[in-house]
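> What follows is a structure written as structure tokens; I'll ask about it next.
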Amino acid sequence: MAKIEHGCLILRDVGSDDDVTDWDPVSSNWYQEGSTLIFEVQAGVDGPVECEVWKSTPLEVLSANLFEASLPCPSGWLVLHDPNGYARMQFTGLRDSVFCSVMVDDLQFPSKVQILLREEGEHLSGASKSK
């Protein structure tokens, strides 16, 4: 868990320098530019944000789907971080393009986030059936 000062997380290809400053959180709780996604979470003043990253469906999936998107990943590495770099996770094992589902406990002010990463074409329902 981490204190997320600005109330957003960024998921991007490690080599991406895409600019997400056009994001307007008032009109949408997430935004994508190229190989970079930015999305809203609870601000640090309201408490920590718990974040899980999965490559298969967790046993207990959070109830609210914040968004689903295809994310180009040419380097094979993704990084998840907050704008200040207080929280940062980097992971590999992904090729070309990744299908991302972001599930949350609350659509307005998420304090718990599950990021499900799957190869393109493998969606949540298909992932839960495979072993």
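Chain lettering (A, B, ...) mirrors the order of the structure tokens, residue numbering begins at 1 for each chain separately, and ligand numbering begins at 1 in order of display.
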Quick one: everything within 12 Å of Gln108 in chain A, counting only C-alpha atoms, minus sequence neighbours fewer than 4 positions away in the same chain. Send it as a list in words.
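After dropping sequence-adjacent residues, the list is Gly7, Cys8, Pro25, Val26, Ser28, Asn29, Trp30, Phe39, Glu40, Val41, Gln42, Ala43, Ala64, Asn65, Leu66, Val104 and Lys112 of chain A.
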> Considering only strand (DSSP E) as DSSP defines it on the backbone, what residues of range 84-127 of chain A qualify? List them as a PyMOL selection string.
chain A and resi 88-92+96-104+112-119
> Include N, CA and C atoms and write out the residues we just selected as a PDB file, in the first residue's frame.

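Resulting contents of again-v9.pdb:
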```
ATOM      1  N   ARG A  88       6.130   2.696  -6.954  1.00  0.00           N
ATOM      2  CA  ARG A  88       6.600   2.283  -8.278  1.00  0.00           C
ATOM      3  C   ARG A  88       6.757   0.765  -8.304  1.00  0.00           C
ATOM      4  N   MET A  89       6.179   0.141  -9.342  1.00  0.00           N
ATOM      5  CA  MET A  89       6.345  -1.291  -9.596  1.00  0.00           C
ATOM      6  C   MET A  89       6.682  -1.459 -11.067  1.00  0.00           C
ATOM      7  N   GLN A  90       7.598  -2.342 -11.365  1.00  0.00           N
ATOM      8  CA  GLN A  90       7.962  -2.621 -12.751  1.00  0.00           C
ATOM      9  C   GLN A  90       7.893  -4.125 -12.960  1.00  0.00           C
ATOM     10  N   PHE A  91       7.348  -4.553 -14.112  1.00  0.00           N
ATOM     11  CA  PHE A  91       7.192  -5.975 -14.354  1.00  0.00           C
ATOM     12  C   PHE A  91       7.316  -6.278 -15.841  1.00  0.00           C
ATOM     13  N   THR A  92       7.630  -7.551 -16.132  1.00  0.00           N
ATOM     14  CA  THR A  92       7.885  -8.002 -17.499  1.00  0.00           C
ATOM     15  C   THR A  92       7.012  -9.197 -17.835  1.00  0.00           C
ATOM     16  N   ASP A  96       4.312  -6.958 -27.035  1.00  0.00           N
ATOM     17  CA  ASP A  96       3.615  -6.166 -28.050  1.00  0.00           C
ATOM     18  C   ASP A  96       2.443  -5.345 -27.526  1.00  0.00           C
ATOM     19  N   SER A  97       1.350  -5.999 -27.144  1.00  0.00           N
ATOM     20  CA  SER A  97       0.158  -5.294 -26.707  1.00  0.00           C
ATOM     21  C   SER A  97      -0.504  -6.082 -25.584  1.00  0.00           C
ATOM     22  N   VAL A  98      -0.990  -5.377 -24.585  1.00  0.00           N
ATOM     23  CA  VAL A  98      -1.557  -5.988 -23.393  1.00  0.00           C
ATOM     24  C   VAL A  98      -2.981  -5.485 -23.207  1.00  0.00           C
ATOM     25  N   PHE A  99      -3.884  -6.380 -22.833  1.00  0.00           N
ATOM     26  CA  PHE A  99      -5.253  -5.992 -22.502  1.00  0.00           C
ATOM     27  C   PHE A  99      -5.315  -5.760 -20.998  1.00  0.00           C
ATOM     28  N   CYS A 100      -5.673  -4.546 -20.589  1.00  0.00           N
ATOM     29  CA  CYS A 100      -5.697  -4.158 -19.174  1.00  0.00           C
ATOM     30  C   CYS A 100      -7.135  -3.999 -18.702  1.00  0.00           C
ATOM     31  N   SER A 101      -7.459  -4.638 -17.598  1.00  0.00           N
ATOM     32  CA  SER A 101      -8.715  -4.405 -16.895  1.00  0.00           C
ATOM     33  C   SER A 101      -8.352  -3.835 -15.539  1.00  0.00           C
ATOM     34  N   VAL A 102      -8.982  -2.732 -15.167  1.00  0.00           N
ATOM     35  CA  VAL A 102      -8.728  -2.137 -13.864  1.00  0.00           C
ATOM     36  C   VAL A 102     -10.018  -2.218 -13.065  1.00  0.00           C
ATOM     37  N   MET A 103      -9.961  -3.012 -12.005  1.00  0.00           N
ATOM     38  CA  MET A 103     -11.093  -3.216 -11.110  1.00  0.00           C
ATOM     39  C   MET A 103     -10.809  -2.452  -9.819  1.00  0.00           C
ATOM     40  N   VAL A 104     -11.868  -1.869  -9.237  1.00  0.00           N
ATOM     41  CA  VAL A 104     -11.706  -1.050  -8.033  1.00  0.00           C
ATOM     42  C   VAL A 104     -12.806  -1.352  -7.029  1.00  0.00           C
ATOM     43  N   LYS A 112      -8.714   0.553  -3.215  1.00  0.00           N
ATOM     44  CA  LYS A 112      -8.166  -0.754  -3.578  1.00  0.00           C
ATOM     45  C   LYS A 112      -8.310  -0.907  -5.086  1.00  0.00           C
ATOM     46  N   VAL A 113      -7.217  -1.324  -5.735  1.00  0.00           N
ATOM     47  CA  VAL A 113      -7.164  -1.430  -7.189  1.00  0.00           C
ATOM     48  C   VAL A 113      -6.582  -2.784  -7.561  1.00  0.00           C
ATOM     49  N   GLN A 114      -7.213  -3.449  -8.516  1.00  0.00           N
ATOM     50  CA  GLN A 114      -6.654  -4.664  -9.110  1.00  0.00           C
ATOM     51  C   GLN A 114      -6.449  -4.380 -10.592  1.00  0.00           C
ATOM     52  N   ILE A 115      -5.227  -4.558 -11.045  1.00  0.00           N
ATOM     53  CA  ILE A 115      -4.911  -4.393 -12.462  1.00  0.00           C
ATOM     54  C   ILE A 115      -4.679  -5.782 -13.026  1.00  0.00           C
ATOM     55  N   LEU A 116      -5.510  -6.192 -13.975  1.00  0.00           N
ATOM     56  CA  LEU A 116      -5.392  -7.497 -14.607  1.00  0.00           C
ATOM     57  C   LEU A 116      -4.791  -7.296 -15.983  1.00  0.00           C
ATOM     58  N   LEU A 117      -3.654  -7.927 -16.233  1.00  0.00           N
ATOM     59  CA  LEU A 117      -2.940  -7.808 -17.495  1.00  0.00           C
ATOM     60  C   LEU A 117      -2.982  -9.145 -18.220  1.00  0.00           C
ATOM     61  N   ARG A 118      -3.466  -9.125 -19.455  1.00  0.00           N
ATOM     62  CA  ARG A 118      -3.564 -10.355 -20.240  1.00  0.00           C
ATOM     63  C   ARG A 118      -3.081 -10.099 -21.654  1.00  0.00           C
ATOM     64  N   GLU A 119      -2.647 -11.158 -22.294  1.00  0.00           N
ATOM     65  CA  GLU A 119      -2.283 -11.067 -23.703  1.00  0.00           C
ATOM     66  C   GLU A 119      -3.519 -10.642 -24.486  1.00  0.00           C
TER      67      GLU A 119
END
```
> Which of these residues is nearest to Cys73 in chain A, using only C-alpha atoms: A:Ile38, A:Val45, A:Val14, A:Val20?
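Between A:Ile38, A:Val45, A:Val14, A:Val20, the residue approaching Cys73 in chain A most closely is A:Val14.
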> Run DSSP on the backbone of this structure and report the residues of chain A it assigns to alpha helix (DSSP H), as an NGL selection string.
:A and (124-129)
> Range 34-36 of chain A: which residues within 8 Å, counting only C-alpha atoms, same-chain residues fewer than 4 positions away excluded, as a count of residues only?
11
